[in-house]
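S.K.: If it helps, the file is called structure-v5.pdb and holds PDB, C-alpha atoms, pLDDT in the B column:
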MODEL        1
ATOM      1  CA  ILE F  20     104.205 108.702 113.675  1.00 42.00           C
ATOM      2  CA  ALA F  21     107.935 108.044 114.176  1.00 40.00           C
ATOM      3  CA  ALA F  22     107.140 104.785 115.938  1.00 44.00           C
ATOM      4  CA  MET F  23     104.918 103.684 113.053  1.00 38.00           C
ATOM      5  CA  VAL F  24     107.662 104.500 110.544  1.00 35.00           C
ATOM      6  CA  ASN F  25     110.190 102.477 112.553  1.00 41.00           C
ATOM      7  CA  ILE F  26     107.810  99.513 112.615  1.00 39.00           C
ATOM      8  CA  ALA F  27     107.258  99.755 108.850  1.00 38.00           C
ATOM      9  CA  ILE F  28     111.019  99.796 108.247  1.00 36.00           C
ATOM     10  CA  ALA F  29     111.585  96.823 110.539  1.00 42.00           C
ATOM     11  CA  LEU F  30     108.809  94.652 109.081  1.00 49.00           C
ATOM     12  CA  PRO F  31     110.687  93.422 105.954  1.00 57.00           C
ATOM     13  CA  ARG F  32     113.665  92.240 108.023  1.00 66.00           C
ATOM     14  CA  TYR F  33     111.364  90.690 110.628  1.00 79.00           C
ATOM     15  CA  GLU F  34     109.512  88.857 107.864  1.00 88.00           C
ATOM     16  CA  TRP F  35     112.826  87.626 106.440  1.00 89.00           C
ATOM     17  CA  ASP F  36     113.840  86.357 109.889  1.00 90.00           C
ATOM     18  CA  VAL F  37     110.562  84.449 110.148  1.00 90.00           C
ATOM     19  CA  TRP F  38     111.212  82.758 106.817  1.00 91.00           C
ATOM     20  CA  TYR F  39     114.794  81.998 107.827  1.00 91.00           C
ATOM     21  CA  GLY F  40     113.405  80.311 110.935  1.00 92.00           C
ATOM     22  CA  ARG F  41     111.137  78.227 108.719  1.00 92.00           C
ATOM     23  CA  LEU F  42     114.141  77.221 106.630  1.00 92.00           C
ATOM     24  CA  LYS F  43     115.980  75.982 109.720  1.00 91.00           C
ATOM     25  CA  ALA F  44     112.853  74.231 110.974  1.00 93.00           C
ATOM     26  CA  TYR F  45     112.445  72.421 107.648  1.00 93.00           C
ATOM     27  CA  LYS F  46     116.040  71.196 107.713  1.00 90.00           C
ATOM     28  CA  GLU F  47     115.771  70.021 111.305  1.00 91.00           C
ATOM     29  CA  GLU F  48     112.385  68.358 110.834  1.00 93.00           C
ATOM     30  CA  HIS F  49     113.516  66.479 107.716  1.00 92.00           C
ATOM     31  CA  ASP F  50     117.136  66.003 108.833  1.00 90.00           C
ATOM     32  CA  THR F  51     118.427  67.246 105.487  1.00 87.00           C
ATOM     33  CA  GLU F  52     120.393  70.077 103.922  1.00 82.00           C
ATOM     34  CA  ASP F  53     118.448  69.755 100.685  1.00 81.00           C
ATOM     35  CA  VAL F  54     115.538  72.180 100.278  1.00 82.00           C
ATOM     36  CA  PRO F  55     113.649  71.514  97.017  1.00 78.00           C
ATOM     37  CA  VAL F  56     111.545  74.277  95.513  1.00 72.00           C
ATOM     38  CA  THR F  57     108.442  72.288  96.482  1.00 78.00           C
ATOM     39  CA  ALA F  58     109.447  72.167 100.169  1.00 85.00           C
ATOM     40  CA  MET F  59     106.699  73.094 102.640  1.00 91.00           C
ATOM     41  CA  ILE F  60     106.864  73.664 106.399  1.00 92.00           C
ATOM     42  CA  HIS F  61     103.712  74.193 108.442  1.00 91.00           C
ATOM     43  CA  GLY F  62     101.815  75.103 105.283  1.00 92.00           C
ATOM     44  CA  GLN F  63     104.440  77.659 104.162  1.00 91.00           C
ATOM     45  CA  ALA F  64     106.310  77.376 100.810  1.00 87.00           C
ATOM     46  CA  VAL F  65     109.847  77.570 102.200  1.00 89.00           C
ATOM     47  CA  GLY F  66     111.292  76.027  99.015  1.00 83.00           C
ATOM     48  CA  GLU F  67     109.982  78.885  96.877  1.00 80.00           C
ATOM     49  CA  TRP F  68     111.335  81.384  99.406  1.00 85.00           C
ATOM     50  CA  MET F  69     114.770  79.743  99.280  1.00 84.00           C
ATOM     51  CA  ALA F  70     114.747  79.863  95.469  1.00 77.00           C
ATOM     52  CA  ARG F  71     114.010  83.607  95.561  1.00 78.00           C
ATOM     53  CA  GLN F  72     116.845  84.206  98.049  1.00 82.00           C
ATOM     54  CA  PHE F  73     119.241  82.384  95.781  1.00 77.00           C
ATOM     55  CA  LEU F  74     118.237  84.431  92.738  1.00 71.00           C
ATOM     56  CA  GLU F  75     118.577  87.684  94.695  1.00 75.00           C
ATOM     57  CA  TRP F  76     121.994  86.525  95.904  1.00 76.00           C
ATOM     58  CA  ARG F  77     123.134  85.740  92.350  1.00 68.00           C
ATOM     59  CA  TRP F  78     121.987  89.166  91.140  1.00 64.00           C
ATOM     60  CA  GLY F  79     123.575  91.025  94.037  1.00 68.00           C
ATOM     61  CA  GLY F  80     120.253  92.034  95.568  1.00 74.00           C
ATOM     62  CA  LEU F  81     120.686  90.179  98.847  1.00 81.00           C
ATOM     63  CA  ASP F  82     122.403  92.213 101.555  1.00 85.00           C
ATOM     64  CA  LYS F  83     125.554  90.967 103.261  1.00 85.00           C
ATOM     65  CA  HIS F  84     123.817  90.259 106.569  1.00 87.00           C
ATOM     66  CA  LYS F  85     121.325  87.909 104.918  1.00 88.00           C
ATOM     67  CA  GLN F  86     124.082  86.193 102.925  1.00 85.00           C
ATOM     68  CA  GLU F  87     125.997  85.522 106.132  1.00 86.00           C
ATOM     69  CA  ARG F  88     122.863  84.192 107.838  1.00 87.00           C
ATOM     70  CA  LEU F  89     122.263  81.769 104.974  1.00 86.00           C
ATOM     71  CA  LEU F  90     125.882  80.609 105.023  1.00 84.00           C
ATOM     72  CA  VAL F  91     125.674  80.007 108.766  1.00 84.00           C
ATOM     73  CA  GLY F  92     122.468  78.068 108.087  1.00 83.00           C
ATOM     74  CA  GLY F  93     124.365  75.699 105.789  1.00 81.00           C
ATOM     75  CA  VAL F  94     123.416  77.200 102.431  1.00 76.00           C
ATOM     76  CA  SER F  95     126.197  76.983  99.828  1.00 69.00           C
ATOM     77  CA  LEU F  96     125.961  79.428  96.934  1.00 65.00           C
ATOM     78  CA  GLU F  97     127.839  77.040  94.641  1.00 66.00           C
ATOM     79  CA  ASP F  98     125.699  74.054  95.611  1.00 69.00           C
ATOM     80  CA  GLU F  99     122.534  76.107  95.240  1.00 68.00           C
ATOM     81  CA  TYR F 100     123.699  77.330  91.827  1.00 71.00           C
ATOM     82  CA  SER F 101     124.322  73.784  90.551  1.00 76.00           C
ATOM     83  CA  LYS F 102     121.023  72.563  91.951  1.00 76.00           C
ATOM     84  CA  ASN F 103     119.141  75.578  90.625  1.00 79.00           C
ATOM     85  CA  PHE F 104     120.637  75.191  87.134  1.00 86.00           C
ATOM     86  CA  ALA F 105     119.696  71.515  86.901  1.00 83.00           C
ATOM     87  CA  LEU F 106     116.206  72.081  88.288  1.00 85.00           C
ATOM     88  CA  GLY F 107     115.646  75.067  86.012  1.00 89.00           C
ATOM     89  CA  LEU F 108     116.689  73.099  82.961  1.00 90.00           C
ATOM     90  CA  MET F 109     114.285  70.301  83.862  1.00 91.00           C
ATOM     91  CA  GLU F 110     111.437  72.792  84.417  1.00 93.00           C
ATOM     92  CA  PHE F 111     112.267  74.563  81.147  1.00 95.00           C
ATOM     93  CA  GLU F 112     112.011  71.291  79.231  1.00 94.00           C
ATOM     94  CA  ARG F 113     108.663  70.506  80.880  1.00 94.00           C
ATOM     95  CA  HIS F 114     107.435  74.009  80.073  1.00 96.00           C
ATOM     96  CA  THR F 115     108.496  73.675  76.427  1.00 95.00           C
ATOM     97  CA  ASP F 116     106.769  70.309  76.109  1.00 95.00           C
ATOM     98  CA  ALA F 117     103.582  71.754  77.600  1.00 95.00           C
ATOM     99  CA  GLN F 118     103.719  74.565  75.011  1.00 93.00           C
ATOM    100  CA  GLU F 119     104.196  72.068  72.179  1.00 93.00           C
ATOM    101  CA  GLY F 120     107.760  73.119  71.452  1.00 91.00           C
ATOM    102  CA  ASP F 121     107.429  76.864  72.068  1.00 93.00           C
ATOM    103  CA  THR F 122     110.367  77.840  74.301  1.00 95.00           C
ATOM    104  CA  PHE F 123     109.006  81.270  75.262  1.00 96.00           C
ATOM    105  CA  VAL F 124     109.000  81.997  79.012  1.00 97.00           C
ATOM    106  CA  LYS F 125     107.210  85.049  80.404  1.00 95.00           C
ATOM    107  CA  ASP F 126     109.107  87.411  82.700  1.00 91.00           C
ATOM    108  CA  GLY F 127     108.311  86.554  86.301  1.00 89.00           C
ATOM    109  CA  GLU F 128     106.689  83.254  85.361  1.00 93.00           C
ATOM    110  CA  PHE F 129     106.378  80.494  87.962  1.00 91.00           C
ATOM    111  CA  THR F 130     105.784  76.850  87.060  1.00 91.00           C
ATOM    112  CA  PRO F 131     102.770  74.998  88.510  1.00 89.00           C
ATOM    113  CA  ASN F 132     105.002  73.599  91.263  1.00 83.00           C
ATOM    114  CA  GLY F 133     106.332  77.039  92.192  1.00 83.00           C
ATOM    115  CA  PHE F 134     109.715  77.205  90.445  1.00 86.00           C
ATOM    116  CA  PRO F 135     110.634  80.795  89.360  1.00 88.00           C
ATOM    117  CA  LEU F 136     111.237  79.867  85.718  1.00 93.00           C
ATOM    118  CA  GLY F 137     111.065  83.442  84.425  1.00 93.00           C
ATOM    119  CA  SER F 138     113.820  84.595  86.786  1.00 89.00           C
ATOM    120  CA  TRP F 139     115.858  81.471  86.064  1.00 90.00           C
ATOM    121  CA  ALA F 140     115.692  82.064  82.307  1.00 94.00           C
ATOM    122  CA  LEU F 141     116.679  85.711  82.716  1.00 92.00           C
ATOM    123  CA  SER F 142     119.634  84.990  85.005  1.00 88.00           C
ATOM    124  CA  THR F 143     120.814  82.032  82.897  1.00 92.00           C
ATOM    125  CA  ARG F 144     120.834  84.105  79.715  1.00 94.00           C
ATOM    126  CA  ALA F 145     122.717  86.862  81.514  1.00 91.00           C
ATOM    127  CA  ALA F 146     125.290  84.329  82.715  1.00 89.00           C
ATOM    128  CA  TRP F 147     125.692  82.941  79.179  1.00 94.00           C
ATOM    129  CA  ASN F 148     126.205  86.383  77.632  1.00 93.00           C
ATOM    130  CA  ARG F 149     128.693  87.355  80.344  1.00 90.00           C
ATOM    131  CA  GLY F 150     130.756  84.192  79.800  1.00 90.00           C
ATOM    132  CA  LYS F 151     129.822  82.678  83.168  1.00 85.00           C
ATOM    133  CA  LEU F 152     128.550  79.296  81.927  1.00 88.00           C
ATOM    134  CA  GLY F 153     130.636  76.199  81.386  1.00 87.00           C
ATOM    135  CA  ALA F 154     130.770  74.381  78.048  1.00 89.00           C
ATOM    136  CA  ASP F 155     128.654  71.502  79.351  1.00 85.00           C
ATOM    137  CA  GLN F 156     125.967  73.909  80.582  1.00 88.00           C
ATOM    138  CA  LYS F 157     125.798  75.666  77.202  1.00 92.00           C
ATOM    139  CA  VAL F 158     125.456  72.360  75.371  1.00 90.00           C
ATOM    140  CA  LEU F 159     122.698  71.180  77.723  1.00 89.00           C
ATOM    141  CA  LEU F 160     120.806  74.443  77.287  1.00 94.00           C
ATOM    142  CA  TYR F 161     121.239  74.476  73.518  1.00 95.00           C
ATOM    143  CA  SER F 162     120.069  70.862  73.239  1.00 92.00           C
ATOM    144  CA  SER F 163     116.934  71.783  75.195  1.00 94.00           C
ATOM    145  CA  GLY F 164     116.062  74.660  72.864  1.00 96.00           C
ATOM    146  CA  PHE F 165     117.416  77.413  75.129  1.00 97.00           C
ATOM    147  CA  LEU F 166     119.369  80.217  73.430  1.00 97.00           C
ATOM    148  CA  PRO F 167     121.292  83.209  74.838  1.00 96.00           C
ATOM    149  CA  VAL F 168     118.472  85.523  73.762  1.00 97.00           C
ATOM    150  CA  ALA F 169     114.740  85.157  74.369  1.00 97.00           C
ATOM    151  CA  HIS F 170     112.095  84.947  71.698  1.00 97.00           C
ATOM    152  CA  PRO F 171     109.663  87.905  71.598  1.00 96.00           C
ATOM    153  CA  ALA F 172     106.450  87.908  73.602  1.00 95.00           C
ATOM    154  CA  LYS F 173     104.228  88.493  70.558  1.00 95.00           C
ATOM    155  CA  ALA F 174     103.088  85.149  69.148  1.00 94.00           C
ATOM    156  CA  ASN F 175     103.132  86.418  65.539  1.00 93.00           C
ATOM    157  CA  SER F 176     106.697  87.683  65.889  1.00 95.00           C
ATOM    158  CA  ARG F 177     107.721  84.462  67.582  1.00 95.00           C
ATOM    159  CA  THR F 178     106.572  82.452  64.573  1.00 94.00           C
ATOM    160  CA  HIS F 179     109.220  84.244  62.529  1.00 95.00           C
ATOM    161  CA  THR F 180     111.993  84.187  65.139  1.00 96.00           C
ATOM    162  CA  LEU F 181     111.502  80.436  65.503  1.00 95.00           C
ATOM    163  CA  ARG F 182     112.131  80.130  61.771  1.00 95.00           C
ATOM    164  CA  ILE F 183     115.244  82.258  62.175  1.00 97.00           C
ATOM    165  CA  GLU F 184     116.394  79.988  64.997  1.00 97.00           C
ATOM    166  CA  VAL F 185     115.998  76.901  62.804  1.00 96.00           C
ATOM    167  CA  GLU F 186     118.100  78.490  60.065  1.00 97.00           C
ATOM    168  CA  LEU F 187     120.820  79.626  62.454  1.00 98.00           C
ATOM    169  CA  ARG F 188     120.998  76.237  64.163  1.00 97.00           C
ATOM    170  CA  SER F 189     121.259  74.395  60.851  1.00 97.00           C
ATOM    171  CA  THR F 190     124.180  76.567  59.701  1.00 97.00           C
ATOM    172  CA  ARG F 191     125.954  77.238  63.019  1.00 96.00           C
ATOM    173  CA  GLU F 192     128.873  74.877  62.367  1.00 92.00           C
ATOM    174  CA  MET F 193     129.590  76.121  58.844  1.00 96.00           C
ATOM    175  CA  ALA F 194     132.695  78.169  58.031  1.00 96.00           C
ATOM    176  CA  LEU F 195     132.697  81.761  59.283  1.00 97.00           C
ATOM    177  CA  ARG F 196     132.371  83.276  55.775  1.00 97.00           C
ATOM    178  CA  GLU F 197     129.258  81.222  55.066  1.00 97.00           C
ATOM    179  CA  ARG F 198     127.771  82.173  58.442  1.00 97.00           C
ATOM    180  CA  GLU F 199     128.445  85.841  57.810  1.00 97.00           C
ATOM    181  CA  ASP F 200     126.575  85.591  54.498  1.00 98.00           C
ATOM    182  CA  THR F 201     123.676  83.756  56.156  1.00 98.00           C
ATOM    183  CA  PHE F 202     123.429  86.297  58.950  1.00 98.00           C
ATOM    184  CA  ARG F 203     123.638  89.271  56.591  1.00 97.00           C
ATOM    185  CA  ASN F 204     120.854  87.851  54.428  1.00 96.00           C
ATOM    186  CA  LEU F 205     118.631  87.333  57.462  1.00 96.00           C
ATOM    187  CA  VAL F 206     119.230  90.882  58.689  1.00 95.00           C
ATOM    188  CA  LEU F 207     118.370  92.285  55.267  1.00 94.00           C
ATOM    189  CA  ARG F 208     115.305  90.047  54.993  1.00 93.00           C
ATOM    190  CA  TYR F 209     113.789  91.259  58.267  1.00 92.00           C
ATOM    191  CA  HIS F 210     115.191  94.763  58.709  1.00 90.00           C
ATOM    192  CA  PRO F 211     112.441  97.410  59.195  1.00 88.00           C
ATOM    193  CA  SER F 212     113.926  99.541  56.403  1.00 86.00           C
ATOM    194  CA  ARG F 213     113.232  96.745  53.913  1.00 80.00           C
ATOM    195  CA  HIS F 214     110.337  94.890  55.476  1.00 73.00           C
ATOM    196  CA  ARG F 215     107.125  96.505  56.683  1.00 73.00           C
ATOM    197  CA  GLY F 216     105.832  93.511  58.617  1.00 77.00           C
ATOM    198  CA  LYS F 217     104.746  94.178  62.194  1.00 87.00           C
ATOM    199  CA  TYR F 218     107.259  91.582  63.349  1.00 92.00           C
ATOM    200  CA  SER F 219     110.342  93.074  61.649  1.00 94.00           C
ATOM    201  CA  ASP F 220     111.510  95.015  64.732  1.00 94.00           C
ATOM    202  CA  ASP F 221     111.270  91.935  66.950  1.00 95.00           C
ATOM    203  CA  CYS F 222     113.119  89.810  64.403  1.00 96.00           C
ATOM    204  CA  THR F 223     115.875  92.395  64.054  1.00 95.00           C
ATOM    205  CA  LEU F 224     116.324  92.568  67.832  1.00 96.00           C
ATOM    206  CA  PHE F 225     116.366  88.773  68.034  1.00 97.00           C
ATOM    207  CA  LEU F 226     119.090  88.593  65.403  1.00 97.00           C
ATOM    208  CA  ALA F 227     121.108  91.300  67.131  1.00 96.00           C
ATOM    209  CA  GLY F 228     120.974  89.318  70.363  1.00 96.00           C
ATOM    210  CA  LEU F 229     122.292  86.177  68.651  1.00 97.00           C
ATOM    211  CA  ARG F 230     125.045  87.808  66.616  1.00 97.00           C
ATOM    212  CA  ALA F 231     127.872  87.145  69.074  1.00 96.00           C
ATOM    213  CA  TRP F 232     126.815  83.516  69.590  1.00 96.00           C
ATOM    214  CA  TYR F 233     126.442  82.858  65.875  1.00 97.00           C
ATOM    215  CA  LEU F 234     129.508  84.666  64.551  1.00 97.00           C
ATOM    216  CA  GLU F 235     132.003  84.953  67.404  1.00 95.00           C
ATOM    217  CA  GLU F 236     131.494  82.324  70.086  1.00 94.00           C
ATOM    218  CA  GLU F 237     133.345  79.029  69.722  1.00 92.00           C
ATOM    219  CA  TRP F 238     130.895  76.249  68.890  1.00 91.00           C
ATOM    220  CA  PRO F 239     130.699  73.509  69.979  1.00 88.00           C
ATOM    221  CA  PRO F 240     131.990  75.220  73.099  1.00 90.00           C
ATOM    222  CA  THR F 241     134.925  74.149  75.237  1.00 84.00           C
ATOM    223  CA  ASP F 242     135.786  75.348  78.708  1.00 75.00           C
ATOM    224  CA  LYS F 243     138.635  77.331  77.146  1.00 62.00           C
ATOM    225  CA  SER F 244     135.982  79.484  75.464  1.00 45.00           C
ATOM    226  CA  ARG F 245     134.363  80.289  78.777  1.00 44.00           C
TER
ENDMDL
END
Can you give me the file's structure in the form of structure tokens?
M.R.:
Amino acid sequence: IAAMVNIAIALPRYEWDVWYGRLKAYKEEHDTEDVPVTAMIHGQAVGEWMARQFLEWRWGGLDKHKQERLLVGGVSLEDEYSKNFALGLMEFERHTDAQEGDTFVKDGEFTPNGFPLGSWALSTRAAWNRGKLGADQKVLLYSSGFLPVAHPAKANSRTHTLRIEVELRSTREMALREREDTFRNLVLRYHPSRHRGKYSDDCTLFLAGLRAWYLEEEWPPTDKSR
């Protein structure tokens, strides 16, 4: 029994080592340091695996040993971050177009070509709200319809939060006093204590998530506001 337990414990690391070997093989076979998310080696999706490692690394879920192995293998966290941001933005725009303008992304969603769009959206919003994005990144995201808070999963609720988004976008560059009045009116309009619609809770949460961006964050952003 002890031997079986030891094997079970060792399997995840052994599997990781196998994938790391595939990563090295891909780079050697193609004579490149670039590993796109669509990269395949011997029928194995090494690009998707690399994307997952990067996301785990960014979220602190990748242990130090694996980080060091990736660094030795020529993987740069900064380079991967820049590449991942640009690729994610492109995939987000494609996804939005396919949904006829609806920017909602499901948690854990992968695009048809294997990009982890759900994880990308989650980590990008976290970075925005923690002040980890540059001004240019915020502008690119905003221009693509991406906000620092996600729309709700319920389609009916999303119809209303999309209307809220339109109103907030159209008034975002007004004076603070005018924005405070706009925001207060929206909160009162959708608050569960005043509105019995099934979507009122989702709308209130959506507004709460955008409060700091709408009322406090410098906009248009500059790198001083980072």
S.K.: Could you tell me how far atom CA of His61 of chain F sits from atom CA of Arg41 of chain F, in Å to one decimal place?
M.R.: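 Here the two named atoms are 8.5 Å from each other.
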S.K.: Please, what distance in Å, to one decimal, runs between atom CA of Asn204 of chain F and atom CA of Tyr161 of chain F?
M.R.: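 We find that atom CA of Asn204 of chain F and atom CA of Tyr161 of chain F lie 23.3 Å from each other.
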S.K.: Find the spatial neighbours of His170 of chain F, counting all atoms listed in the file, within a cut-off of 9 Å - ignore same-chain residues fewer than 2 positions away - and output them as a list in words.
M.R.: Thr122, Phe123, Val124, Leu166, Val168, Ala172, Lys173, Ser176, Arg177, Thr180, Leu181, Asp221, Cys222 and Phe225 of chain F
S.K.: So which one's closest to Ala145 of chain F, F:Ala169, F:Val56, F:Val158, F:Val94? Using all atoms listed in the file, please.
M.R.: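 Ranked by minimum distance to Ala145 of chain F, first place goes to F:Ala169.
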S.K.: Take atom CA of Glu235 of chain F and atom CA of Arg191 of chain F and report the distance between them in Å, one decimal.
M.R.: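 Value for the atom CA of Glu235 of chain F-atom CA of Arg191 of chain F distance: 10.7 Å.
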S.K.: Would you give me, as a Markdown table, each residue of segment 127-187 of chain F having an atom within 9 Å of an atom of segment 62-80 of chain F, along with its shortest atom pair and that distance in Å to one decimal, using all atoms listed in the file and sorting by chain and residue number?
M.R.:
| residue | atom | partner | partner_atom | distance |
| --- | --- | --- | --- | --- |
| F:Gly133 | CA | F:Glu67 | CA | 6.2 |
| F:Phe134 | CA | F:Glu67 | CA | 6.7 |
| F:Pro135 | CA | F:Ala70 | CA | 7.4 |
| F:Ser138 | CA | F:Leu74 | CA | 7.4 |
| F:Trp139 | CA | F:Leu74 | CA | 7.7 |
| F:Ser142 | CA | F:Trp78 | CA | 7.8 |
S.K.: Next, the residues of the selection above should be written as a PDB file, keeping the file's coordinate frame with C-alpha atoms.
M.R.:
ATOM      1  CA  GLY F 133     106.332  77.039  92.192  1.00 83.00           C
ATOM      2  CA  PHE F 134     109.715  77.205  90.445  1.00 86.00           C
ATOM      3  CA  PRO F 135     110.634  80.795  89.360  1.00 88.00           C
ATOM      4  CA  SER F 138     113.820  84.595  86.786  1.00 89.00           C
ATOM      5  CA  TRP F 139     115.858  81.471  86.064  1.00 90.00           C
ATOM      6  CA  SER F 142     119.634  84.990  85.005  1.00 88.00           C
TER       7      SER F 142
END
